[in-house]
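Okay, coords32.txt is below, compact mmCIF, C-alpha atoms and all ligand atoms:
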```
# COMPACT_ATOMS: atom_id res chain seq x y z
CA MET X 256 -5.75 18.86 -2.63
CA THR X 257 -4.21 16.98 0.23
CA GLN X 258 -5.95 19.53 2.45
CA ASP X 259 -9.31 18.33 1.13
CA ILE X 260 -8.73 14.81 2.36
CA ARG X 261 -10.07 14.51 5.87
CA VAL X 262 -8.73 11.87 8.20
CA THR X 263 -10.65 12.03 11.46
CA ILE X 264 -9.94 10.03 14.57
CA ASP X 265 -12.64 9.39 17.12
CA THR X 266 -10.83 9.48 20.45
CA ALA X 267 -13.94 8.14 22.22
CA ALA X 268 -13.48 4.99 20.10
CA LEU X 269 -9.81 4.78 21.18
CA ARG X 270 -10.89 5.05 24.82
CA HIS X 271 -13.62 2.45 24.32
CA ASN X 272 -11.11 0.02 22.76
CA VAL X 273 -8.64 0.46 25.60
CA ALA X 274 -11.41 -0.25 28.13
CA THR X 275 -12.42 -3.39 26.20
CA LEU X 276 -8.84 -4.63 25.95
CA LYS X 277 -8.03 -3.87 29.57
CA ALA X 278 -11.05 -5.91 30.63
CA ALA X 279 -10.00 -8.75 28.29
CA VAL X 280 -6.54 -9.16 29.79
CA ALA X 281 -7.11 -8.07 33.39
CA PRO X 282 -5.38 -8.18 35.77
CA ALA X 283 -2.45 -7.73 33.37
CA ARG X 284 -1.50 -4.18 32.42
CA VAL X 285 -1.68 -2.90 28.86
CA MET X 286 0.81 -1.20 26.59
CA ALA X 287 -0.58 0.68 23.60
CA VAL X 288 1.71 0.42 20.60
CA VAL X 289 1.95 3.79 18.82
CA LYS X 290 4.74 3.05 16.35
CA ALA X 291 4.41 4.01 12.67
CA ASN X 292 2.61 7.25 13.54
CA ALA X 293 0.20 5.26 15.71
CA TYR X 294 -0.64 2.95 12.81
CA GLY X 295 -1.37 6.04 10.71
CA HIS X 296 -3.64 7.60 13.35
CA GLY X 297 -1.16 10.26 14.59
CA ALA X 298 1.38 9.31 17.25
CA VAL X 299 1.22 12.17 19.72
CA GLU X 300 -2.54 12.61 19.83
CA CYS X 301 -3.16 8.86 20.09
CA ALA X 302 -0.52 8.50 22.78
CA ARG X 303 -2.32 11.20 24.79
CA ALA X 304 -5.72 9.57 24.23
CA PHE X 305 -4.41 6.16 25.26
CA VAL X 306 -2.79 7.53 28.39
CA ASP X 307 -6.04 9.34 29.30
CA ALA X 308 -7.83 6.03 28.76
CA GLY X 309 -5.60 4.37 31.33
CA VAL X 310 -2.92 2.47 29.41
CA ASP X 311 0.13 1.83 31.57
CA TRP X 312 2.81 2.01 28.89
CA LEU X 313 3.35 3.22 25.34
CA GLY X 314 5.38 1.16 22.88
CA VAL X 315 7.26 2.34 19.79
CA ALA X 316 9.67 0.69 17.42
CA ASP X 317 12.59 3.10 17.66
CA LEU X 318 14.08 5.95 19.62
CA ASP X 319 13.10 8.57 17.01
CA GLU X 320 9.47 7.75 17.68
CA ALA X 321 10.04 7.76 21.44
CA VAL X 322 11.77 11.15 21.37
CA GLU X 323 8.90 12.60 19.29
CA LEU X 324 6.51 11.65 22.10
CA ARG X 325 8.74 13.11 24.79
CA GLU X 326 9.27 16.35 22.89
CA ALA X 327 5.48 16.68 22.61
CA GLY X 328 5.26 16.45 26.40
CA VAL X 329 4.10 12.83 26.77
CA THR X 330 5.42 11.66 30.14
CA ALA X 331 4.03 8.10 30.36
CA PRO X 332 6.54 5.22 30.35
CA VAL X 333 7.74 4.55 26.79
CA LEU X 334 9.46 1.37 25.56
CA ALA X 335 11.43 1.22 22.27
CA TRP X 336 12.63 -2.12 20.91
CA LEU X 337 14.28 -1.70 17.51
CA HIS X 338 17.70 -0.12 17.47
CA ALA X 339 20.20 0.96 14.84
CA PRO X 340 23.57 -0.82 14.74
CA GLY X 341 25.92 0.85 17.23
CA GLU X 342 23.09 2.64 19.07
CA THR X 343 24.50 4.40 22.13
CA PHE X 344 21.17 4.90 23.96
CA GLU X 345 22.21 8.39 25.03
CA ARG X 346 18.92 9.75 23.68
CA ALA X 347 17.08 7.08 25.66
CA ALA X 348 18.80 8.23 28.85
CA ALA X 349 18.27 11.91 28.10
CA HIS X 350 14.54 11.46 27.40
CA ASP X 351 13.78 8.80 30.00
CA VAL X 352 12.89 6.20 27.37
CA THR X 353 13.21 2.55 28.33
CA PRO X 354 14.99 0.44 25.72
CA ALA X 355 14.22 -3.22 25.17
CA VAL X 356 17.60 -4.78 24.38
CA SER X 357 18.17 -7.90 22.31
CA ASP X 358 21.85 -8.66 22.80
CA VAL X 359 24.87 -8.13 25.03
CA ALA X 360 26.17 -5.19 22.97
CA GLN X 361 22.88 -3.30 23.40
CA LEU X 362 22.79 -4.18 27.08
CA GLU X 363 26.27 -2.81 27.65
CA ALA X 364 25.60 0.33 25.63
CA ALA X 365 22.42 0.95 27.65
CA ALA X 366 24.38 0.52 30.89
CA ALA X 367 27.11 2.88 29.69
CA ALA X 368 24.54 5.50 28.71
CA GLY X 369 22.97 5.37 32.16
CA VAL X 370 19.42 4.54 31.11
CA ARG X 371 16.95 4.12 33.98
CA ALA X 372 16.22 0.42 33.31
CA VAL X 373 15.99 -2.09 30.47
CA HIS X 374 13.63 -4.77 29.29
CA LEU X 375 15.22 -7.92 27.86
CA CYS X 376 13.79 -8.99 24.52
CA VAL X 377 13.77 -12.74 23.88
CA ASP X 378 13.04 -14.50 20.62
CA THR X 379 10.73 -17.43 21.33
CA GLY X 380 10.06 -18.36 17.73
CA LEU X 381 9.25 -15.26 15.66
CA SER X 382 12.84 -15.15 14.41
CA ARG X 383 13.14 -11.39 14.47
CA ASN X 384 14.71 -9.28 17.20
CA GLY X 385 15.35 -10.73 20.64
CA ALA X 386 17.94 -13.19 21.92
CA VAL X 387 17.37 -16.83 20.93
CA ALA X 388 17.49 -19.58 23.58
CA ALA X 389 21.13 -20.47 22.82
CA GLU X 390 22.10 -16.88 23.66
CA TRP X 391 20.15 -16.67 26.92
CA PRO X 392 22.91 -17.97 29.26
CA GLU X 393 25.41 -15.29 28.22
CA PHE X 394 22.81 -12.52 27.71
CA PHE X 395 21.06 -13.14 31.02
CA ALA X 396 24.32 -13.60 32.97
CA ARG X 397 25.58 -10.23 31.69
CA ALA X 398 22.22 -8.63 32.60
CA ALA X 399 22.52 -10.12 36.10
CA ALA X 400 26.09 -8.81 36.44
CA LEU X 401 24.99 -5.28 35.43
CA ALA X 402 21.74 -5.31 37.39
CA ASP X 403 23.01 -3.09 40.22
CA ARG X 404 23.43 -0.14 37.90
CA LEU X 405 21.00 -1.20 35.17
CA PRO X 406 17.82 -2.70 36.63
CA VAL X 407 16.07 -5.36 34.51
CA GLU X 408 12.55 -4.06 34.79
CA GLY X 409 10.98 -6.22 32.11
CA VAL X 410 11.27 -9.20 29.80
CA MET X 411 9.34 -9.39 26.55
CA THR X 412 8.68 -11.57 23.57
CA HIS X 413 6.71 -11.02 20.40
CA LEU X 414 4.33 -13.65 19.05
CA SER X 415 3.93 -14.75 15.48
CA ASN X 416 0.10 -14.72 15.20
CA ALA X 417 0.60 -17.96 13.28
CA SER X 418 -2.07 -19.95 15.14
CA PRO X 419 -3.30 -20.22 18.74
CA GLU X 420 -1.22 -23.42 19.11
CA GLU X 421 1.97 -21.84 17.78
CA ASP X 422 1.46 -18.70 19.87
CA GLY X 423 0.89 -21.02 22.83
CA ALA X 424 4.22 -22.75 22.16
CA GLN X 425 5.92 -19.36 22.16
CA VAL X 426 4.32 -18.43 25.47
CA ALA X 427 5.65 -21.72 26.89
CA ALA X 428 9.16 -20.85 25.64
CA PHE X 429 8.76 -17.39 27.19
CA LEU X 430 7.99 -19.00 30.54
CA SER X 431 11.19 -21.02 30.28
CA ALA X 432 13.15 -17.78 29.65
CA ILE X 433 11.54 -16.30 32.78
CA GLU X 434 12.56 -19.39 34.74
CA THR X 435 16.14 -19.15 33.48
CA LEU X 436 16.23 -15.49 34.55
CA GLY X 437 14.89 -16.47 37.96
CA GLY X 438 17.75 -18.96 38.32
CA LEU X 439 20.13 -15.98 38.02
CA GLY X 440 18.24 -13.97 40.60
CA LEU X 441 16.48 -11.76 38.03
CA GLU X 442 12.74 -11.33 38.51
CA PRO X 443 11.57 -8.59 36.16
CA ARG X 444 8.36 -7.03 37.37
CA LEU X 445 6.96 -6.67 33.83
CA ARG X 446 6.77 -9.85 31.78
CA HIS X 447 5.04 -8.95 28.56
CA VAL X 448 3.87 -10.41 25.29
CA ALA X 449 1.97 -9.25 22.24
CA ALA X 450 -0.04 -8.88 20.24
CA SER X 451 -3.70 -8.11 19.52
CA ALA X 452 -4.35 -11.52 17.95
CA ALA X 453 -2.72 -13.52 20.71
CA ALA X 454 -4.37 -11.56 23.49
CA LEU X 455 -7.75 -12.06 21.89
CA HIS X 456 -7.01 -15.81 21.31
CA PHE X 457 -6.05 -16.44 24.90
CA ALA X 458 -8.84 -15.17 27.11
CA ASP X 459 -6.70 -15.93 30.17
CA VAL X 460 -3.45 -14.44 28.89
CA GLY X 461 -3.30 -11.91 31.73
CA GLN X 462 -4.00 -14.42 34.45
CA GLY X 463 -0.80 -16.43 34.19
CA PRO X 464 2.71 -15.11 34.58
CA VAL X 465 2.16 -12.35 32.05
CA ASP X 466 2.01 -8.91 33.65
CA MET X 467 1.38 -6.83 30.58
CA VAL X 468 0.02 -7.25 27.05
CA ARG X 469 1.08 -5.02 24.15
CA PHE X 470 -1.74 -4.04 21.81
CA GLY X 471 -1.49 -2.30 18.50
CA LEU X 472 -4.17 -2.85 15.88
CA ALA X 473 -6.99 -3.71 18.28
CA ALA X 474 -6.49 -0.45 20.21
CA TYR X 475 -7.38 1.41 17.00
CA GLY X 476 -10.56 -0.65 16.77
CA LEU X 477 -9.45 -2.97 13.98
CA SER X 478 -9.52 -6.74 13.93
CA PRO X 479 -6.25 -8.65 13.55
CA PHE X 480 -8.21 -11.62 12.15
CA PRO X 481 -9.08 -11.67 8.44
CA ASP X 482 -12.32 -13.51 9.16
CA ARG X 483 -13.59 -11.60 12.21
CA ARG X 484 -15.00 -8.10 12.20
CA ALA X 485 -13.93 -5.60 14.85
CA ALA X 486 -17.51 -5.19 16.08
CA ASP X 487 -17.65 -8.90 16.90
CA LEU X 488 -14.62 -8.37 19.15
CA GLY X 489 -16.27 -5.40 20.88
CA LEU X 490 -13.98 -2.89 19.14
CA ARG X 491 -14.80 0.38 17.36
CA PRO X 492 -12.72 1.59 14.40
CA ALA X 493 -11.44 5.05 15.25
CA LEU X 494 -10.30 6.35 11.86
CA THR X 495 -12.47 7.61 9.01
CA MET X 496 -11.04 8.84 5.72
CA ARG X 497 -13.13 11.21 3.62
CA ALA X 498 -12.66 13.35 0.53
CA PRO X 499 -14.97 15.43 -1.65
CA VAL X 500 -15.94 14.59 -5.22
CA THR X 501 -13.97 17.04 -7.37
CA THR X 502 -15.32 16.24 -10.84
CA VAL X 503 -18.37 14.46 -12.22
CA LYS X 504 -18.65 13.43 -15.84
CA ARG X 505 -20.75 11.27 -18.06
CA VAL X 506 -18.83 8.66 -20.05
CA PRO X 507 -20.27 6.66 -22.93
CA ALA X 508 -20.25 2.86 -23.00
CA GLY X 509 -16.84 1.52 -24.07
CA GLU X 510 -14.85 4.66 -23.20
CA GLY X 511 -11.55 3.94 -21.41
CA VAL X 512 -11.31 5.23 -17.84
CA SER X 513 -8.00 6.10 -16.12
CA TYR X 514 -4.51 4.76 -16.92
CA GLY X 515 -4.28 1.67 -19.08
CA TYR X 516 -8.05 1.66 -19.70
CA VAL X 517 -8.51 -1.34 -17.44
CA PHE X 518 -12.12 -0.17 -17.04
CA ARG X 519 -14.49 0.50 -19.92
CA PRO X 520 -18.13 0.83 -18.80
CA GLU X 521 -20.56 -1.57 -20.43
CA ARG X 522 -23.19 1.15 -20.64
CA ASP X 523 -23.26 4.93 -20.42
CA THR X 524 -22.50 5.92 -16.86
CA THR X 525 -21.42 8.76 -14.59
CA ILE X 526 -18.00 8.73 -13.03
CA ALA X 527 -16.89 10.82 -10.08
CA ILE X 528 -13.28 11.72 -9.36
CA VAL X 529 -12.02 11.62 -5.78
CA PRO X 530 -8.71 13.38 -5.02
CA VAL X 531 -7.05 10.45 -3.23
CA GLY X 532 -4.30 8.36 -4.75
CA TYR X 533 -1.41 6.13 -3.97
CA SER X 534 0.77 9.07 -2.87
CA ASP X 535 -1.71 9.47 -0.01
CA GLY X 536 -1.17 5.85 0.97
CA VAL X 537 -4.04 4.17 -0.83
CA ASP X 538 -2.77 0.94 -2.33
CA ARG X 539 -2.85 0.93 -6.12
CA ALA X 540 -3.55 -2.81 -6.10
CA ALA X 541 -7.08 -1.95 -4.90
CA SER X 542 -7.71 -0.48 -8.39
CA ASP X 543 -11.01 -1.62 -9.86
CA ARG X 544 -11.72 -3.65 -6.70
CA ALA X 545 -12.28 -1.44 -3.63
CA SER X 546 -15.51 0.36 -2.83
CA VAL X 547 -16.41 3.64 -1.14
CA THR X 548 -19.64 5.21 0.10
CA ILE X 549 -21.48 8.46 -0.54
CA GLY X 550 -24.29 8.79 1.98
CA GLN X 551 -25.72 5.31 2.36
CA ARG X 552 -24.74 4.17 -1.17
CA THR X 553 -21.72 2.10 -2.03
CA TYR X 554 -19.77 2.64 -5.25
CA ARG X 555 -16.95 0.71 -6.83
CA VAL X 556 -13.53 2.20 -7.55
CA ARG X 557 -13.07 1.83 -11.30
CA GLY X 558 -9.91 1.81 -13.39
CA ARG X 559 -6.42 2.30 -12.02
CA ILE X 560 -5.87 4.31 -8.87
CA ALA X 561 -3.51 7.16 -9.82
CA MET X 562 -1.00 9.12 -7.77
CA ASN X 563 -3.52 11.73 -6.61
CA ALA X 564 -6.90 10.52 -7.79
CA LEU X 565 -9.25 7.62 -8.07
CA VAL X 566 -12.43 7.21 -10.07
CA ILE X 567 -15.73 5.76 -8.91
CA ASP X 568 -18.63 4.61 -11.05
CA VAL X 569 -21.87 6.15 -9.73
CA GLY X 570 -24.14 4.86 -12.52
CA ASP X 571 -27.06 7.24 -12.97
CA ASP X 572 -27.08 8.57 -9.43
CA PRO X 573 -27.20 12.35 -8.98
CA VAL X 574 -23.75 12.68 -7.43
CA GLU X 575 -22.39 16.24 -7.43
CA VAL X 576 -19.07 18.02 -7.05
CA GLY X 577 -18.46 18.52 -3.32
CA ASP X 578 -20.37 15.41 -2.22
CA GLU X 579 -18.54 13.68 0.59
CA VAL X 580 -16.98 10.31 -0.18
CA VAL X 581 -16.09 8.04 2.72
CA LEU X 582 -13.23 5.79 1.67
CA PHE X 583 -13.30 3.78 4.86
CA GLY X 584 -14.42 4.11 8.44
CA ASP X 585 -16.71 2.24 10.79
CA PRO X 586 -18.77 -0.49 9.08
CA ALA X 587 -21.37 -0.10 11.86
CA LEU X 588 -22.13 3.32 10.30
CA GLY X 589 -22.47 1.84 6.83
CA HIS X 590 -18.93 2.65 5.70
CA GLN X 591 -16.43 0.34 4.10
CA GLY X 592 -14.02 -0.95 6.73
CA ALA X 593 -10.23 -0.86 6.54
CA GLU X 594 -10.51 -4.64 6.31
CA ASP X 595 -12.63 -4.32 3.12
CA TRP X 596 -9.86 -2.24 1.54
CA ALA X 597 -7.28 -4.77 2.70
CA ARG X 598 -9.22 -7.52 0.97
CA ALA X 599 -9.40 -5.40 -2.19
CA PHE X 600 -5.61 -5.37 -2.56
CA ASP X 601 -4.91 -8.75 -0.99
CA GLY X 602 -3.26 -6.99 1.92
CA ILE X 603 -3.79 -6.80 5.65
CA THR X 604 -5.75 -4.24 7.65
CA TYR X 605 -2.52 -3.00 9.25
CA GLU X 606 -1.30 -1.79 5.86
CA VAL X 607 -4.44 0.21 5.11
CA VAL X 608 -4.01 2.52 8.10
CA ALA X 609 -0.23 2.41 8.60
CA SER X 610 0.36 3.41 4.97
CA LEU X 611 -1.66 6.62 5.16
CA SER X 612 0.64 9.48 4.33
CA ALA X 613 1.85 11.49 7.33
CA ARG X 614 1.18 14.69 5.36
CA LEU X 615 -2.60 14.14 5.40
CA PRO X 616 -4.20 16.45 7.93
CA ARG X 617 -5.74 14.56 10.82
CA SER X 618 -8.34 15.84 13.21
CA TYR X 619 -9.45 14.45 16.55
CA ALA X 620 -12.90 14.47 18.01
C1 LIG G 701 7.09 -5.74 19.61
C2 LIG G 701 5.66 -5.48 19.24
N1 LIG G 701 4.72 -5.57 20.19
C3 LIG G 701 3.41 -5.37 19.91
C4 LIG G 701 2.98 -5.08 18.62
C5 LIG G 701 1.52 -4.88 18.36
O1 LIG G 701 1.00 -5.85 17.51
P1 LIG G 701 -0.53 -5.80 17.06
O2 LIG G 701 -0.70 -4.56 16.27
O3 LIG G 701 -0.74 -7.03 16.23
O4 LIG G 701 -1.35 -5.80 18.31
C6 LIG G 701 3.94 -4.98 17.61
C7 LIG G 701 3.52 -4.71 16.23
O5 LIG G 701 3.99 -5.23 15.28
C8 LIG G 701 5.31 -5.17 17.93
O6 LIG G 701 6.26 -5.08 16.98
```
Let me see whether you can do it: turn the structure in this file into structure tokens.
Amino acid sequence: MTQDIRVTIDTAALRHNVATLKAAVAPARVMAVVKANAYGHGAVECARAFVDAGVDWLGVADLDEAVELREAGVTAPVLAWLHAPGETFERAAAHDVTPAVSDVAQLEAAAAAGVRAVHLCVDTGLSRNGAVAAEWPEFFARAAALADRLPVEGVMTHLSNASPEEDGAQVAAFLSAIETLGGLGLEPRLRHVAASAAALHFADVGQGPVDMVRFGLAAYGLSPFPDRRAADLGLRPALTMRAPVTTVKRVPAGEGVSYGYVFRPERDTTIAIVPVGYSDGVDRAASDRASVTIGQRTYRVRGRIAMNALVIDVGDDPVEVGDEVVLFGDPALGHQGAEDWARAFDGITYEVVASLSARLPRSYA
């Protein structure tokens, strides 16, 4: 059944989004973030499409993801920023992957492994990885001492997407980290921030001392803002998820539908079963709330989403086995958007795509 679910990725949309984002942050460079299987879109194929579209760098969370790209023949610069305790960075050196390091131990391990260069990751207020301001003197001094054999090519920080003001405060803290580095004679050529939301907030982000912007969600054509559609940002959603109707049946008023009978139709109706469930990555909390489309008509998901199936109520419409159901895609084509599904389970758009099971076949057009 998994084979009947069709996840298609429109690479022309990926290219269009890169062009839009490059124009938005010019003259800064862009890094496309392809972690988490390229937000569910397929890491290797998306990496290739992004590189063809002119991105300068690819970003991943960890070295496993970076090595997957290298083994598939992707040669563009790759940065990885999340490392296991005790990471030796030997794989980074062997595969020419650039690590972003967050502390002295990682810095020294990267130097010992002989990696080509590092980026220093600083925490300017997100409170995740990266060295906090109190650690900068020691961290930066060690980086300066090792710089002859381990060039500091970049410095990065990640923004919280909390509000334009709070992201702005983080950018200001980032500038003070850059100044501190300068005081030690370190002038990394790539000073980079993220993410989609911040770059779209700050129209002039690429005009100040930021040389590169890291984009994830927006590169896939999805909006990072709950209240703004991708189309309004000039972006095109690349991923469409489809599956055929496998069963159609008439149910009388009052009959329980799916687990727990949370749905009982008020009048006789037709239900159609779609072979997609939470094991495919569709959030069960969207039960009885999300919608899908068949042709130009929109139908509500009814009852609980099961492991491998969901049920839609098609009323008296002549829906047949084999009809194509679009779970989500590009709203400009009349489909539900990933953001509509996110709203249906009180989640975020990121989750809708990044949760899609890796075992679903994906095709690229
Ligand atoms: C370090 C880093 N940079 C950039 C991004 C991309 O963020 P977004 O998808 O919001 O553009 C992420 C994603 O979480 C990240 O972890």
### Task
Kindly extract all protein, DNA and RNA residues lying within 7 Å of the coordinates (16.0, -9.5, 33.8) given in the file, considering only C-alpha atoms, and supply them as a PyMOL selection string.
chain X and resi 374-375+395+398-399+407-410+436+441-443
Written file, previous selection with C-alpha atoms, as a JSON list (two decimals), in the coordinates of the input:
```json
[["chain", "number", "residue", "atom", "x", "y", "z"],
["X", 374, "HIS", "CA", 13.63, -4.77, 29.29],
["X", 375, "LEU", "CA", 15.22, -7.92, 27.86],
["X", 395, "PHE", "CA", 21.06, -13.14, 31.02],
["X", 398, "ALA", "CA", 22.22, -8.63, 32.60],
["X", 399, "ALA", "CA", 22.52, -10.12, 36.10],
["X", 407, "VAL", "CA", 16.07, -5.36, 34.51],
["X", 408, "GLU", "CA", 12.55, -4.06, 34.79],
["X", 409, "GLY", "CA", 10.98, -6.22, 32.11],
["X", 410, "VAL", "CA", 11.27, -9.20, 29.80],
["X", 436, "LEU", "CA", 16.23, -15.49, 34.55],
["X", 441, "LEU", "CA", 16.48, -11.76, 38.03],
["X", 442, "GLU", "CA", 12.74, -11.33, 38.51],
["X", 443, "PRO", "CA", 11.57, -8.59, 36.16]]
```
### Residues within 12 Å of range 505-516 of chain X, only C-alpha atoms, excluding chain neighbours under 3 positions, as a PyMOL selection string
chain X and resi 502+519-528+539+542-543+556-575
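With only C-alpha atoms as the atoms that count, the residue of X:Ala474, X:Arg404, X:Ala367, X:Val387 with the shortest distance to Val289 in chain X is X:Ala474.
Those protein and nucleic acid residues that have any atom within 7 Å of ligand LIG 701 (chain G) are, using only C-alpha atoms and all ligand atoms, Val288, Ala316, Trp336, His413, Ala449, Ala450, Ser451, Ala452, Arg469, Phe470, Gly471, Leu472, Ala473 and Pro479 of chain X.
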Can you check which parts of range 293-399 of chain X lie within 12 Å of range 418-428 of chain X? Per residue, the shortest pair of atoms and distance in Å to one decimal, counting only C-alpha atoms, sorted by chain and number, as CSV.
```
residue,atom,partner,partner_atom,distance
X:Val377,CA,X:Ala428,CA,9.5
X:Asp378,CA,X:Gln425,CA,8.8
X:Thr379,CA,X:Gln425,CA,5.2
X:Gly380,CA,X:Gln425,CA,6.1
X:Leu381,CA,X:Gln425,CA,8.4
X:Ser382,CA,X:Gln425,CA,11.2
X:Val387,CA,X:Ala428,CA,10.3
X:Ala388,CA,X:Ala428,CA,8.7
X:Trp391,CA,X:Ala428,CA,11.8
```
### Task
For each of X:Ala347, X:Ala545, X:Val352, X:Ala453, take the minimum atom-to-atom distance to Ala331 in chain X, counting all atoms listed in the file, then give the residue where this is smallest.
X:Val352
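Counting all atoms listed in the file and comparing X:Val529, X:Cys301, X:Val517, X:Val280, the residue that lies closest to Gly314 in chain X is X:Cys301.
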Missing atoms of range 291-306 of chain X rebuilt to N, CA, C and O atoms, written as a compact mmCIF listing (two decimals), in the coordinates of the input:
```
# COMPACT_ATOMS: atom_id res chain seq x y z
N ALA X 291 4.91 3.70 14.02
CA ALA X 291 4.41 4.01 12.67
C ALA X 291 3.30 5.04 12.72
O ALA X 291 2.21 4.86 12.16
N ASN X 292 3.60 6.17 13.43
CA ASN X 292 2.61 7.25 13.54
C ASN X 292 1.28 6.73 14.08
O ASN X 292 0.21 7.10 13.60
N ALA X 293 1.39 5.89 15.11
CA ALA X 293 0.20 5.26 15.71
C ALA X 293 -0.64 4.59 14.62
O ALA X 293 -1.83 4.85 14.47
N TYR X 294 0.03 3.69 13.88
CA TYR X 294 -0.64 2.95 12.81
C TYR X 294 -1.42 3.92 11.90
O TYR X 294 -2.56 3.67 11.50
N GLY X 295 -0.75 5.06 11.61
CA GLY X 295 -1.37 6.04 10.71
C GLY X 295 -2.36 6.97 11.38
O GLY X 295 -2.89 7.88 10.73
N HIS X 296 -2.61 6.80 12.67
CA HIS X 296 -3.64 7.60 13.35
C HIS X 296 -3.08 8.89 13.98
O HIS X 296 -3.87 9.69 14.48
N GLY X 297 -1.75 9.06 13.97
CA GLY X 297 -1.16 10.26 14.59
C GLY X 297 -0.60 9.92 15.96
O GLY X 297 -1.37 9.70 16.92
N ALA X 298 0.74 9.87 16.06
CA ALA X 298 1.38 9.31 17.25
C ALA X 298 1.09 10.10 18.53
O ALA X 298 0.66 9.53 19.54
N VAL X 299 1.30 11.40 18.47
CA VAL X 299 1.22 12.17 19.72
C VAL X 299 -0.21 12.20 20.26
O VAL X 299 -0.46 11.93 21.44
N GLU X 300 -1.15 12.49 19.37
CA GLU X 300 -2.54 12.61 19.83
C GLU X 300 -3.06 11.26 20.34
O GLU X 300 -3.77 11.19 21.34
N CYS X 301 -2.68 10.18 19.63
CA CYS X 301 -3.16 8.86 20.09
C CYS X 301 -2.49 8.49 21.40
O CYS X 301 -3.14 7.94 22.29
N ALA X 302 -1.21 8.81 21.52
CA ALA X 302 -0.52 8.50 22.78
C ALA X 302 -1.26 9.19 23.92
O ALA X 302 -1.54 8.58 24.96
N ARG X 303 -1.60 10.46 23.72
CA ARG X 303 -2.32 11.20 24.79
C ARG X 303 -3.66 10.54 25.08
O ARG X 303 -4.04 10.36 26.24
N ALA X 304 -4.38 10.18 24.02
CA ALA X 304 -5.72 9.57 24.23
C ALA X 304 -5.58 8.24 24.96
O ALA X 304 -6.37 7.94 25.86
N PHE X 305 -4.58 7.46 24.60
CA PHE X 305 -4.41 6.16 25.26
C PHE X 305 -4.05 6.33 26.73
O PHE X 305 -4.53 5.60 27.59
N VAL X 306 -3.18 7.31 26.99
CA VAL X 306 -2.79 7.53 28.39
C VAL X 306 -4.01 7.99 29.19
O VAL X 306 -4.28 7.49 30.29
```
